[in-house]
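Trainee: Sharing upload00.cif, mmCIF, N, CA and C atoms:
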data_final
#
loop_
_atom_site.label_atom_id
_atom_site.label_comp_id
_atom_site.auth_asym_id
_atom_site.auth_seq_id
_atom_site.Cartn_x
_atom_site.Cartn_y
_atom_site.Cartn_z
N MET U 1 59.69 110.31 108.63
CA MET U 1 60.61 109.50 107.87
C MET U 1 61.87 110.31 107.57
N ARG U 2 63.01 109.67 107.62
CA ARG U 2 64.28 110.35 107.37
C ARG U 2 64.79 110.07 105.97
N PHE U 3 65.60 110.97 105.48
CA PHE U 3 66.28 110.77 104.21
C PHE U 3 67.72 111.21 104.38
N TRP U 4 68.57 110.86 103.45
CA TRP U 4 69.96 111.26 103.54
C TRP U 4 70.51 111.61 102.18
N ILE U 5 71.58 112.37 102.22
CA ILE U 5 72.28 112.76 101.01
C ILE U 5 73.71 112.27 101.15
N GLU U 6 74.23 111.69 100.11
CA GLU U 6 75.58 111.14 100.13
C GLU U 6 76.62 112.23 100.38
N ASP U 7 77.66 111.87 101.10
CA ASP U 7 78.78 112.79 101.33
C ASP U 7 79.37 113.23 99.99
N ALA U 8 79.40 112.33 99.03
CA ALA U 8 79.99 112.63 97.72
C ALA U 8 79.27 113.80 97.04
N PHE U 9 77.97 113.96 97.29
CA PHE U 9 77.25 115.09 96.69
C PHE U 9 77.84 116.40 97.21
N ILE U 10 78.01 116.48 98.52
CA ILE U 10 78.57 117.70 99.12
C ILE U 10 80.03 117.86 98.71
N ASP U 11 80.80 116.79 98.79
CA ASP U 11 82.24 116.86 98.53
C ASP U 11 82.58 117.14 97.07
N GLU U 12 81.79 116.59 96.13
CA GLU U 12 82.18 116.64 94.72
C GLU U 12 81.27 117.49 93.83
N LYS U 13 80.01 117.59 94.17
CA LYS U 13 79.05 118.19 93.24
C LYS U 13 78.52 119.56 93.67
N ALA U 14 78.28 119.74 94.95
CA ALA U 14 77.59 120.94 95.42
C ALA U 14 78.29 122.24 95.03
N SER U 15 79.61 122.26 95.06
CA SER U 15 80.34 123.49 94.75
C SER U 15 80.18 123.91 93.29
N LYS U 16 79.71 123.00 92.45
CA LYS U 16 79.54 123.29 91.02
C LYS U 16 78.11 123.67 90.67
N LEU U 17 77.23 123.73 91.68
CA LEU U 17 75.82 124.02 91.46
C LEU U 17 75.42 125.34 92.12
N THR U 18 74.34 125.92 91.63
CA THR U 18 73.79 127.10 92.29
C THR U 18 73.08 126.66 93.57
N LEU U 19 72.85 127.60 94.47
CA LEU U 19 72.18 127.27 95.72
C LEU U 19 70.76 126.76 95.48
N LYS U 20 70.08 127.31 94.50
CA LYS U 20 68.72 126.86 94.20
C LYS U 20 68.73 125.42 93.68
N ALA U 21 69.70 125.08 92.87
CA ALA U 21 69.80 123.70 92.37
C ALA U 21 70.07 122.74 93.53
N ILE U 22 70.90 123.15 94.47
CA ILE U 22 71.16 122.31 95.65
C ILE U 22 69.88 122.11 96.45
N ALA U 23 69.13 123.19 96.65
CA ALA U 23 67.87 123.10 97.40
C ALA U 23 66.87 122.18 96.70
N VAL U 24 66.78 122.28 95.39
CA VAL U 24 65.87 121.41 94.63
C VAL U 24 66.33 119.96 94.74
N TYR U 25 67.63 119.74 94.65
CA TYR U 25 68.16 118.38 94.77
C TYR U 25 67.80 117.78 96.14
N VAL U 26 67.97 118.56 97.19
CA VAL U 26 67.63 118.10 98.54
C VAL U 26 66.14 117.77 98.63
N CYS U 27 65.30 118.61 98.07
CA CYS U 27 63.86 118.37 98.08
C CYS U 27 63.51 117.09 97.32
N LEU U 28 64.12 116.90 96.15
CA LEU U 28 63.86 115.69 95.38
C LEU U 28 64.32 114.45 96.14
N LYS U 29 65.49 114.52 96.76
CA LYS U 29 65.98 113.39 97.55
C LYS U 29 65.01 113.07 98.69
N ARG U 30 64.45 114.10 99.29
CA ARG U 30 63.50 113.91 100.38
C ARG U 30 62.27 113.13 99.93
N HIS U 31 61.86 113.32 98.68
CA HIS U 31 60.65 112.69 98.16
C HIS U 31 60.92 111.38 97.42
N CYS U 32 62.17 110.93 97.37
CA CYS U 32 62.52 109.71 96.65
C CYS U 32 62.06 108.46 97.39
N ASN U 33 61.67 107.46 96.58
CA ASN U 33 61.41 106.14 97.15
C ASN U 33 62.74 105.37 97.19
N LYS U 34 62.71 104.10 97.55
CA LYS U 34 63.93 103.31 97.67
C LYS U 34 64.64 103.10 96.34
N LYS U 35 63.91 103.26 95.25
CA LYS U 35 64.50 103.10 93.91
C LYS U 35 65.15 104.40 93.42
N GLY U 36 65.05 105.47 94.20
CA GLY U 36 65.60 106.75 93.78
C GLY U 36 64.70 107.50 92.83
N GLU U 37 63.39 107.27 92.94
CA GLU U 37 62.42 107.95 92.07
C GLU U 37 61.54 108.85 92.92
N ALA U 38 61.30 110.05 92.44
CA ALA U 38 60.44 111.00 93.14
C ALA U 38 59.30 111.41 92.22
N LYS U 39 58.09 111.38 92.74
CA LYS U 39 56.91 111.80 91.97
C LYS U 39 56.38 113.06 92.66
N ILE U 40 56.70 114.20 92.09
CA ILE U 40 56.35 115.48 92.70
C ILE U 40 56.29 116.54 91.61
N GLY U 41 55.40 117.49 91.77
CA GLY U 41 55.26 118.57 90.80
C GLY U 41 56.20 119.73 91.09
N ILE U 42 56.49 120.49 90.06
CA ILE U 42 57.39 121.65 90.20
C ILE U 42 56.82 122.66 91.19
N ARG U 43 55.52 122.88 91.14
CA ARG U 43 54.92 123.86 92.06
C ARG U 43 55.12 123.46 93.52
N LYS U 44 54.98 122.15 93.79
CA LYS U 44 55.16 121.69 95.16
C LYS U 44 56.62 121.82 95.60
N ILE U 45 57.55 121.49 94.72
CA ILE U 45 58.97 121.66 95.04
C ILE U 45 59.24 123.13 95.36
N ALA U 46 58.77 124.01 94.47
CA ALA U 46 58.99 125.45 94.64
C ALA U 46 58.41 125.95 95.95
N LYS U 47 57.20 125.50 96.27
CA LYS U 47 56.56 125.92 97.51
C LYS U 47 57.33 125.44 98.74
N GLU U 48 57.77 124.19 98.70
CA GLU U 48 58.47 123.62 99.85
C GLU U 48 59.79 124.33 100.15
N ILE U 49 60.48 124.77 99.11
CA ILE U 49 61.78 125.40 99.37
C ILE U 49 61.75 126.93 99.23
N GLY U 50 60.58 127.48 98.91
CA GLY U 50 60.42 128.93 98.91
C GLY U 50 61.02 129.66 97.73
N ILE U 51 60.91 129.06 96.54
CA ILE U 51 61.38 129.74 95.33
C ILE U 51 60.25 129.77 94.32
N SER U 52 60.42 130.53 93.25
CA SER U 52 59.39 130.60 92.23
C SER U 52 59.39 129.33 91.37
N LYS U 53 58.29 129.12 90.68
CA LYS U 53 58.17 127.98 89.76
C LYS U 53 59.23 128.05 88.68
N ASN U 54 59.45 129.24 88.13
CA ASN U 54 60.45 129.40 87.07
C ASN U 54 61.86 129.11 87.57
N ALA U 55 62.17 129.58 88.78
CA ALA U 55 63.49 129.31 89.36
C ALA U 55 63.66 127.81 89.59
N CYS U 56 62.59 127.16 89.98
CA CYS U 56 62.62 125.71 90.20
C CYS U 56 62.89 124.98 88.88
N GLN U 57 62.23 125.41 87.82
CA GLN U 57 62.44 124.79 86.50
C GLN U 57 63.89 124.97 86.05
N ARG U 58 64.45 126.16 86.26
CA ARG U 58 65.85 126.39 85.89
C ARG U 58 66.79 125.51 86.70
N ALA U 59 66.50 125.35 87.99
CA ALA U 59 67.33 124.51 88.85
C ALA U 59 67.27 123.05 88.41
N ILE U 60 66.09 122.59 88.03
CA ILE U 60 65.96 121.20 87.56
C ILE U 60 66.75 121.01 86.27
N LYS U 61 66.69 121.98 85.37
CA LYS U 61 67.47 121.88 84.13
C LYS U 61 68.96 121.83 84.44
N GLU U 62 69.38 122.64 85.42
CA GLU U 62 70.79 122.63 85.82
C GLU U 62 71.18 121.25 86.35
N LEU U 63 70.33 120.65 87.16
CA LEU U 63 70.60 119.31 87.70
C LEU U 63 70.61 118.27 86.58
N GLN U 64 69.74 118.45 85.60
CA GLN U 64 69.71 117.53 84.46
C GLN U 64 70.99 117.65 83.64
N LEU U 65 71.42 118.87 83.40
CA LEU U 65 72.66 119.08 82.63
C LEU U 65 73.87 118.53 83.38
N SER U 66 73.79 118.49 84.69
CA SER U 66 74.86 117.92 85.51
C SER U 66 74.72 116.41 85.63
N LEU U 67 73.68 115.86 85.03
CA LEU U 67 73.38 114.43 85.05
C LEU U 67 73.15 113.89 86.45
N LEU U 68 72.63 114.75 87.33
CA LEU U 68 72.30 114.35 88.69
C LEU U 68 70.84 113.95 88.83
N VAL U 69 70.00 114.43 87.91
CA VAL U 69 68.57 114.16 87.96
C VAL U 69 68.07 113.83 86.56
N GLY U 70 67.23 112.82 86.49
CA GLY U 70 66.55 112.47 85.24
C GLY U 70 65.08 112.79 85.41
N GLN U 71 64.38 112.98 84.31
CA GLN U 71 62.95 113.32 84.37
C GLN U 71 62.21 112.64 83.24
N ARG U 72 61.10 112.03 83.59
CA ARG U 72 60.19 111.50 82.59
C ARG U 72 58.94 112.36 82.63
N VAL U 73 58.49 112.79 81.49
CA VAL U 73 57.31 113.65 81.42
C VAL U 73 56.10 112.80 81.07
N ASN U 74 55.05 112.97 81.85
CA ASN U 74 53.79 112.29 81.59
C ASN U 74 52.76 113.37 81.29
N GLU U 75 52.32 113.42 80.06
CA GLU U 75 51.39 114.47 79.64
C GLU U 75 50.06 114.43 80.39
N LEU U 76 49.70 113.27 80.93
CA LEU U 76 48.41 113.12 81.60
C LEU U 76 48.48 113.44 83.10
N SER U 77 49.64 113.72 83.59
CA SER U 77 49.80 113.95 85.03
C SER U 77 50.47 115.28 85.29
N PRO U 78 50.04 116.01 86.34
CA PRO U 78 50.69 117.27 86.68
C PRO U 78 52.00 117.05 87.41
N PHE U 79 52.31 115.80 87.75
CA PHE U 79 53.52 115.49 88.50
C PHE U 79 54.67 115.18 87.56
N GLY U 80 55.86 115.48 88.04
CA GLY U 80 57.06 115.05 87.34
C GLY U 80 57.52 113.74 87.96
N TYR U 81 58.10 112.92 87.15
CA TYR U 81 58.69 111.68 87.63
C TYR U 81 60.20 111.85 87.51
N TYR U 82 60.85 112.02 88.63
CA TYR U 82 62.28 112.30 88.64
C TYR U 82 63.07 111.08 89.11
N THR U 83 64.19 110.85 88.48
CA THR U 83 65.13 109.82 88.91
C THR U 83 66.30 110.55 89.53
N VAL U 84 66.63 110.19 90.76
CA VAL U 84 67.73 110.84 91.47
C VAL U 84 68.68 109.73 91.93
N PRO U 85 69.62 109.33 91.06
CA PRO U 85 70.52 108.24 91.43
C PRO U 85 71.52 108.70 92.49
N SER U 86 72.16 107.73 93.13
CA SER U 86 73.20 108.05 94.09
C SER U 86 74.36 108.70 93.37
N VAL U 87 75.04 109.62 94.06
CA VAL U 87 76.21 110.27 93.47
C VAL U 87 77.27 109.19 93.25
N GLY U 88 77.91 109.23 92.11
CA GLY U 88 78.84 108.19 91.72
C GLY U 88 78.20 107.22 90.74
N THR U 89 76.87 107.20 90.73
CA THR U 89 76.15 106.39 89.76
C THR U 89 75.20 107.30 88.98
N GLU U 90 75.69 108.51 88.66
CA GLU U 90 74.87 109.45 87.93
C GLU U 90 74.43 108.85 86.61
N LEU U 91 73.45 109.45 86.03
CA LEU U 91 72.99 109.03 84.72
C LEU U 91 74.15 109.15 83.74
N SER U 92 74.33 108.14 82.93
CA SER U 92 75.38 108.22 81.92
C SER U 92 74.98 109.29 80.91
N HIS U 93 75.92 109.75 80.14
CA HIS U 93 75.65 110.80 79.16
C HIS U 93 74.50 110.39 78.24
N HIS U 94 74.60 109.21 77.65
CA HIS U 94 73.56 108.76 76.71
C HIS U 94 72.25 108.48 77.45
N GLU U 95 72.34 107.75 78.57
CA GLU U 95 71.15 107.42 79.34
C GLU U 95 70.45 108.69 79.81
N GLY U 96 71.23 109.66 80.28
CA GLY U 96 70.65 110.91 80.75
C GLY U 96 69.93 111.65 79.65
N GLN U 97 70.53 111.70 78.46
CA GLN U 97 69.89 112.39 77.34
C GLN U 97 68.59 111.71 76.96
N LYS U 98 68.62 110.40 76.87
CA LYS U 98 67.45 109.67 76.42
C LYS U 98 66.31 109.80 77.43
N GLU U 99 66.64 109.64 78.73
CA GLU U 99 65.62 109.71 79.76
C GLU U 99 65.11 111.13 79.94
N LEU U 100 66.01 112.08 79.93
CA LEU U 100 65.61 113.46 80.20
C LEU U 100 64.83 114.07 79.05
N GLY U 101 65.26 113.81 77.85
CA GLY U 101 64.60 114.44 76.71
C GLY U 101 64.78 115.95 76.74
N ILE U 102 65.83 116.45 77.42
CA ILE U 102 65.99 117.89 77.55
C ILE U 102 66.56 118.52 76.29
N ILE U 103 67.23 117.71 75.50
CA ILE U 103 67.75 118.22 74.24
C ILE U 103 67.18 117.34 73.15
N LYS U 104 66.17 117.83 72.49
CA LYS U 104 65.45 117.04 71.49
C LYS U 104 66.34 116.78 70.27
N GLY U 105 66.25 115.57 69.77
CA GLY U 105 67.01 115.20 68.58
C GLY U 105 68.49 115.10 68.83
N MET U 106 68.88 114.92 70.07
CA MET U 106 70.30 114.94 70.39
C MET U 106 71.06 113.78 69.76
N GLU U 107 70.40 112.63 69.59
CA GLU U 107 71.07 111.49 68.99
C GLU U 107 71.59 111.86 67.61
N ASN U 108 70.86 112.68 66.88
CA ASN U 108 71.26 113.07 65.54
C ASN U 108 72.36 114.12 65.55
N LYS U 109 72.41 114.94 66.56
CA LYS U 109 73.37 116.04 66.61
C LYS U 109 74.72 115.63 67.19
N LYS U 110 74.76 114.49 67.88
CA LYS U 110 76.01 113.98 68.46
C LYS U 110 76.68 115.02 69.35
N GLN U 111 75.89 115.69 70.19
CA GLN U 111 76.45 116.67 71.12
C GLN U 111 77.22 115.93 72.20
N THR U 112 78.40 116.38 72.51
CA THR U 112 79.26 115.68 73.46
C THR U 112 79.01 116.16 74.89
N LEU U 113 79.55 115.42 75.82
CA LEU U 113 79.45 115.79 77.23
C LEU U 113 80.11 117.14 77.48
N LYS U 114 81.17 117.42 76.73
CA LYS U 114 81.85 118.71 76.86
C LYS U 114 80.90 119.84 76.48
N ASP U 115 80.13 119.65 75.42
CA ASP U 115 79.16 120.65 75.00
C ASP U 115 78.11 120.87 76.09
N LEU U 116 77.67 119.78 76.71
CA LEU U 116 76.70 119.91 77.79
C LEU U 116 77.28 120.69 78.95
N GLU U 117 78.53 120.43 79.28
CA GLU U 117 79.19 121.16 80.38
C GLU U 117 79.29 122.65 80.06
N GLU U 118 79.64 122.99 78.82
CA GLU U 118 79.71 124.39 78.40
C GLU U 118 78.33 125.04 78.52
N THR U 119 77.30 124.34 78.09
CA THR U 119 75.93 124.85 78.18
C THR U 119 75.56 125.09 79.64
N ARG U 120 75.91 124.13 80.50
CA ARG U 120 75.61 124.25 81.93
C ARG U 120 76.32 125.46 82.52
N GLN U 121 77.59 125.67 82.18
CA GLN U 121 78.34 126.80 82.70
C GLN U 121 77.73 128.13 82.24
N LYS U 122 77.30 128.21 80.98
CA LYS U 122 76.67 129.41 80.47
C LYS U 122 75.36 129.69 81.21
N MET U 123 74.60 128.62 81.46
CA MET U 123 73.33 128.77 82.16
C MET U 123 73.55 129.26 83.59
N ILE U 124 74.56 128.72 84.27
CA ILE U 124 74.88 129.15 85.63
C ILE U 124 75.32 130.61 85.63
N ALA U 125 76.15 130.99 84.67
CA ALA U 125 76.61 132.37 84.58
C ALA U 125 75.43 133.32 84.33
N LYS U 126 74.50 132.91 83.49
CA LYS U 126 73.33 133.73 83.18
C LYS U 126 72.46 133.91 84.42
N MET U 127 72.28 132.84 85.20
CA MET U 127 71.45 132.91 86.40
C MET U 127 72.10 133.74 87.49
N SER U 128 73.43 133.85 87.47
CA SER U 128 74.15 134.61 88.49
C SER U 128 74.06 136.12 88.28
N MET U 129 73.68 136.52 87.08
CA MET U 129 73.62 137.96 86.76
C MET U 129 72.47 138.64 87.43
#
So that I can check it, write out the structure of this file as structure tokens.

Mentor:
Amino acid sequence: MRFWIEDAFIDEKASKLTLKAIAVYVCLKRHCNKKGEAKIGIRKIAKEIGISKNACQRAIKELQLSLLVGQRVNELSPFGYYTVPSVGTELSHHEGQKELGIIKGMENKKQTLKDLEETRQKMIAKMSM
């Protein structure tokens, strides 16, 4: 079975991501159904692209902060449920926060998209060291 990645991802988004985040994004896209949902565990992603589990988790957080990937956590399942929308229809700031749950209590803190971008840049800088 074939999969594809939008030109817009390469043209607009890839240059702002680490190589590991790009590899994780490609792997998630490969496992997506027609609705843009992928059901796959972090260990399997890491194994398929040849990185550690921890590096995979950091890459997923980077993609979440970029609003390119959403994640629903199911405590009863070892798999992650990822939403990978088409580029140009990324998760909205509010929708991404609510679905991702990556920043707990964010509705109360009113953190802006600018704050998320700053956090993402700091995380990328830290990973580059």

Trainee: Residues around (65.4, 118.8, 90.0), cut-off 6 Å, counting only C-alpha atoms - what are they as a PyMOL selection string?

Mentor: chain U and resi 24-25+60+63+69

Trainee: I need the chosen residues saved as a CSV table (one decimal), in the frame of the given file, with N, CA and C atoms.

Mentor:
chain,number,residue,atom,x,y,z
U,24,VAL,N,66.8,122.3,95.4
U,24,VAL,CA,65.9,121.4,94.6
U,24,VAL,C,66.3,120.0,94.7
U,25,TYR,N,67.6,119.7,94.6
U,25,TYR,CA,68.2,118.4,94.8
U,25,TYR,C,67.8,117.8,96.1
U,60,ILE,N,66.1,122.6,88.0
U,60,ILE,CA,66.0,121.2,87.6
U,60,ILE,C,66.8,121.0,86.3
U,63,LEU,N,70.3,120.6,87.2
U,63,LEU,CA,70.6,119.3,87.7
U,63,LEU,C,70.6,118.3,86.6
U,69,VAL,N,70.0,114.4,87.9
U,69,VAL,CA,68.6,114.2,88.0
U,69,VAL,C,68.1,113.8,86.6

Trainee: With distances taken over only C-alpha atoms, which of U:Gly80, U:Ile40, U:Ala21, U:Cys32 is nearest to U:Glu62?

Mentor: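 Among the listed residues, U:Ala21 lies closest to U:Glu62.
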
Trainee: Where does DSSP see strand (DSSP E) in stretch 14-48 of chain U, if you list the residues as a list in words?

Mentor: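 Of stretch 14-48 of chain U, the ones in strand (DSSP E) are Glu37, Ala38, Lys39 and Ile40 of chain U.
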
Trainee: Between atom CA of U:Ile45 and atom CA of U:Ile22, what is the distance in Å, rounded to a tenth?

Mentor: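 The value is 12.2 Å.
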
Trainee: Residues at most 12 Å from U:Thr18, counting only C-alpha atoms, excluding those fewer than 3 positions away in the same chain, as a ChimeraX atom specification?

Mentor: /U:13-15,21-25,55-56,58-63,66,120-121,123-128

Trainee: Put those residues in a file: N, CA and C atoms, as a PDB file, in the coordinates of the input.

Mentor:
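After the write, result.pdb holds the following:
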ATOM      1  N   LYS U  13      80.010 117.590  94.170  1.00  0.00           N
ATOM      2  CA  LYS U  13      79.050 118.190  93.240  1.00  0.00           C
ATOM      3  C   LYS U  13      78.520 119.560  93.670  1.00  0.00           C
ATOM      4  N   ALA U  14      78.280 119.740  94.950  1.00  0.00           N
ATOM      5  CA  ALA U  14      77.590 120.940  95.420  1.00  0.00           C
ATOM      6  C   ALA U  14      78.290 122.240  95.030  1.00  0.00           C
ATOM      7  N   SER U  15      79.610 122.260  95.060  1.00  0.00           N
ATOM      8  CA  SER U  15      80.340 123.490  94.750  1.00  0.00           C
ATOM      9  C   SER U  15      80.180 123.910  93.290  1.00  0.00           C
ATOM     10  N   ALA U  21      69.700 125.080  92.870  1.00  0.00           N
ATOM     11  CA  ALA U  21      69.800 123.700  92.370  1.00  0.00           C
ATOM     12  C   ALA U  21      70.070 122.740  93.530  1.00  0.00           C
ATOM     13  N   ILE U  22      70.900 123.150  94.470  1.00  0.00           N
ATOM     14  CA  ILE U  22      71.160 122.310  95.650  1.00  0.00           C
ATOM     15  C   ILE U  22      69.880 122.110  96.450  1.00  0.00           C
ATOM     16  N   ALA U  23      69.130 123.190  96.650  1.00  0.00           N
ATOM     17  CA  ALA U  23      67.870 123.100  97.400  1.00  0.00           C
ATOM     18  C   ALA U  23      66.870 122.180  96.700  1.00  0.00           C
ATOM     19  N   VAL U  24      66.780 122.280  95.390  1.00  0.00           N
ATOM     20  CA  VAL U  24      65.870 121.410  94.630  1.00  0.00           C
ATOM     21  C   VAL U  24      66.330 119.960  94.740  1.00  0.00           C
ATOM     22  N   TYR U  25      67.630 119.740  94.650  1.00  0.00           N
ATOM     23  CA  TYR U  25      68.160 118.380  94.770  1.00  0.00           C
ATOM     24  C   TYR U  25      67.800 117.780  96.140  1.00  0.00           C
ATOM     25  N   ALA U  55      62.170 129.580  88.780  1.00  0.00           N
ATOM     26  CA  ALA U  55      63.490 129.310  89.360  1.00  0.00           C
ATOM     27  C   ALA U  55      63.660 127.810  89.590  1.00  0.00           C
ATOM     28  N   CYS U  56      62.590 127.160  89.980  1.00  0.00           N
ATOM     29  CA  CYS U  56      62.620 125.710  90.200  1.00  0.00           C
ATOM     30  C   CYS U  56      62.890 124.980  88.880  1.00  0.00           C
ATOM     31  N   ARG U  58      64.450 126.160  86.260  1.00  0.00           N
ATOM     32  CA  ARG U  58      65.850 126.390  85.890  1.00  0.00           C
ATOM     33  C   ARG U  58      66.790 125.510  86.700  1.00  0.00           C
ATOM     34  N   ALA U  59      66.500 125.350  87.990  1.00  0.00           N
ATOM     35  CA  ALA U  59      67.330 124.510  88.850  1.00  0.00           C
ATOM     36  C   ALA U  59      67.270 123.050  88.410  1.00  0.00           C
ATOM     37  N   ILE U  60      66.090 122.590  88.030  1.00  0.00           N
ATOM     38  CA  ILE U  60      65.960 121.200  87.560  1.00  0.00           C
ATOM     39  C   ILE U  60      66.750 121.010  86.270  1.00  0.00           C
ATOM     40  N   LYS U  61      66.690 121.980  85.370  1.00  0.00           N
ATOM     41  CA  LYS U  61      67.470 121.880  84.130  1.00  0.00           C
ATOM     42  C   LYS U  61      68.960 121.830  84.440  1.00  0.00           C
ATOM     43  N   GLU U  62      69.380 122.640  85.420  1.00  0.00           N
ATOM     44  CA  GLU U  62      70.790 122.630  85.820  1.00  0.00           C
ATOM     45  C   GLU U  62      71.180 121.250  86.350  1.00  0.00           C
ATOM     46  N   LEU U  63      70.330 120.650  87.160  1.00  0.00           N
ATOM     47  CA  LEU U  63      70.600 119.310  87.700  1.00  0.00           C
ATOM     48  C   LEU U  63      70.610 118.270  86.580  1.00  0.00           C
ATOM     49  N   SER U  66      73.790 118.490  84.690  1.00  0.00           N
ATOM     50  CA  SER U  66      74.860 117.920  85.510  1.00  0.00           C
ATOM     51  C   SER U  66      74.720 116.410  85.630  1.00  0.00           C
ATOM     52  N   ARG U 120      75.910 124.130  80.500  1.00  0.00           N
ATOM     53  CA  ARG U 120      75.610 124.250  81.930  1.00  0.00           C
ATOM     54  C   ARG U 120      76.320 125.460  82.520  1.00  0.00           C
ATOM     55  N   GLN U 121      77.590 125.670  82.180  1.00  0.00           N
ATOM     56  CA  GLN U 121      78.340 126.800  82.700  1.00  0.00           C
ATOM     57  C   GLN U 121      77.730 128.130  82.240  1.00  0.00           C
ATOM     58  N   MET U 123      74.600 128.620  81.460  1.00  0.00           N
ATOM     59  CA  MET U 123      73.330 128.770  82.160  1.00  0.00           C
ATOM     60  C   MET U 123      73.550 129.260  83.590  1.00  0.00           C
ATOM     61  N   ILE U 124      74.560 128.720  84.270  1.00  0.00           N
ATOM     62  CA  ILE U 124      74.880 129.150  85.630  1.00  0.00           C
ATOM     63  C   ILE U 124      75.320 130.610  85.630  1.00  0.00           C
ATOM     64  N   ALA U 125      76.150 130.990  84.670  1.00  0.00           N
ATOM     65  CA  ALA U 125      76.610 132.370  84.580  1.00  0.00           C
ATOM     66  C   ALA U 125      75.430 133.320  84.330  1.00  0.00           C
ATOM     67  N   LYS U 126      74.500 132.910  83.490  1.00  0.00           N
ATOM     68  CA  LYS U 126      73.330 133.730  83.180  1.00  0.00           C
ATOM     69  C   LYS U 126      72.460 133.910  84.420  1.00  0.00           C
ATOM     70  N   MET U 127      72.280 132.840  85.200  1.00  0.00           N
ATOM     71  CA  MET U 127      71.450 132.910  86.400  1.00  0.00           C
ATOM     72  C   MET U 127      72.100 133.740  87.490  1.00  0.00           C
ATOM     73  N   SER U 128      73.430 133.850  87.470  1.00  0.00           N
ATOM     74  CA  SER U 128      74.150 134.610  88.490  1.00  0.00           C
ATOM     75  C   SER U 128      74.060 136.120  88.280  1.00  0.00           C
TER      76      SER U 128
END

Trainee: Please indicate the distance in Å from atom N of U:Lys47 to atom CA of U:Glu118, rounded to one decimal place.

Mentor: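 Going from atom N of U:Lys47 over to atom CA of U:Glu118, I get 28.8 Å.
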
Trainee: Draw an axis-aligned box tight on the listed atoms of stretch 12-18 of chain U, then pad every side by 6 Å and write out centre and edge lengths in Å to one decimal as lines of an AutoDock Vina configuration file.

Mentor:
center_x = 77.6
center_y = 121.8
center_z = 93.4
size_x = 21.1
size_y = 22.5
size_z = 17.5

Trainee: Any idea what's packed within 7 Å of U:Thr83, counting all atoms listed in the file, ignoring anything in its chain fewer than 4 positions away? Could you give it as a PDB file with N, CA and C atoms, in the coordinates of the input?

Mentor:
ATOM      1  N   GLY U  36      65.050 105.470  94.200  1.00  0.00           N
ATOM      2  CA  GLY U  36      65.600 106.750  93.780  1.00  0.00           C
ATOM      3  C   GLY U  36      64.700 107.500  92.830  1.00  0.00           C
ATOM      4  N   GLU U  37      63.390 107.270  92.940  1.00  0.00           N
ATOM      5  CA  GLU U  37      62.420 107.950  92.070  1.00  0.00           C
ATOM      6  C   GLU U  37      61.540 108.850  92.920  1.00  0.00           C
ATOM      7  N   ALA U  38      61.300 110.050  92.440  1.00  0.00           N
ATOM      8  CA  ALA U  38      60.440 111.000  93.140  1.00  0.00           C
ATOM      9  C   ALA U  38      59.300 111.410  92.220  1.00  0.00           C
ATOM     10  N   LEU U  68      72.630 114.750  87.330  1.00  0.00           N
ATOM     11  CA  LEU U  68      72.300 114.350  88.690  1.00  0.00           C
ATOM     12  C   LEU U  68      70.840 113.950  88.830  1.00  0.00           C
ATOM     13  N   VAL U  69      70.000 114.430  87.910  1.00  0.00           N
ATOM     14  CA  VAL U  69      68.570 114.160  87.960  1.00  0.00           C
ATOM     15  C   VAL U  69      68.070 113.830  86.560  1.00  0.00           C
ATOM     16  N   GLY U  70      67.230 112.820  86.490  1.00  0.00           N
ATOM     17  CA  GLY U  70      66.550 112.470  85.240  1.00  0.00           C
ATOM     18  C   GLY U  70      65.080 112.790  85.410  1.00  0.00           C
ATOM     19  N   GLN U  71      64.380 112.980  84.310  1.00  0.00           N
ATOM     20  CA  GLN U  71      62.950 113.320  84.370  1.00  0.00           C
ATOM     21  C   GLN U  71      62.210 112.640  83.240  1.00  0.00           C
ATOM     22  N   ARG U  72      61.100 112.030  83.590  1.00  0.00           N
ATOM     23  CA  ARG U  72      60.190 111.500  82.590  1.00  0.00           C
ATOM     24  C   ARG U  72      58.940 112.360  82.630  1.00  0.00           C
TER      25      ARG U  72
END

Trainee: For a test of reading the model, state the distance in Å between atom N of U:Leu28 and atom CA of U:Lys53, rounded to one decimal.

Mentor: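 The value is 14.1 Å.
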
Trainee: From stretch 3-99 of chain U, collect each residue whose DSSP state is alpha helix (DSSP H) and return the set as a PyMOL selection string.

Mentor: chain U and resi 7-8+19-30+42-49+53-65+93-99

Trainee: Given all atoms listed in the file as the basis, pick out the residue of U:Leu67, U:Lys39, U:Lys34, U:Lys29 nearest to U:Tyr82.

Mentor: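 Of all the options, U:Lys39 lies closest to U:Tyr82.
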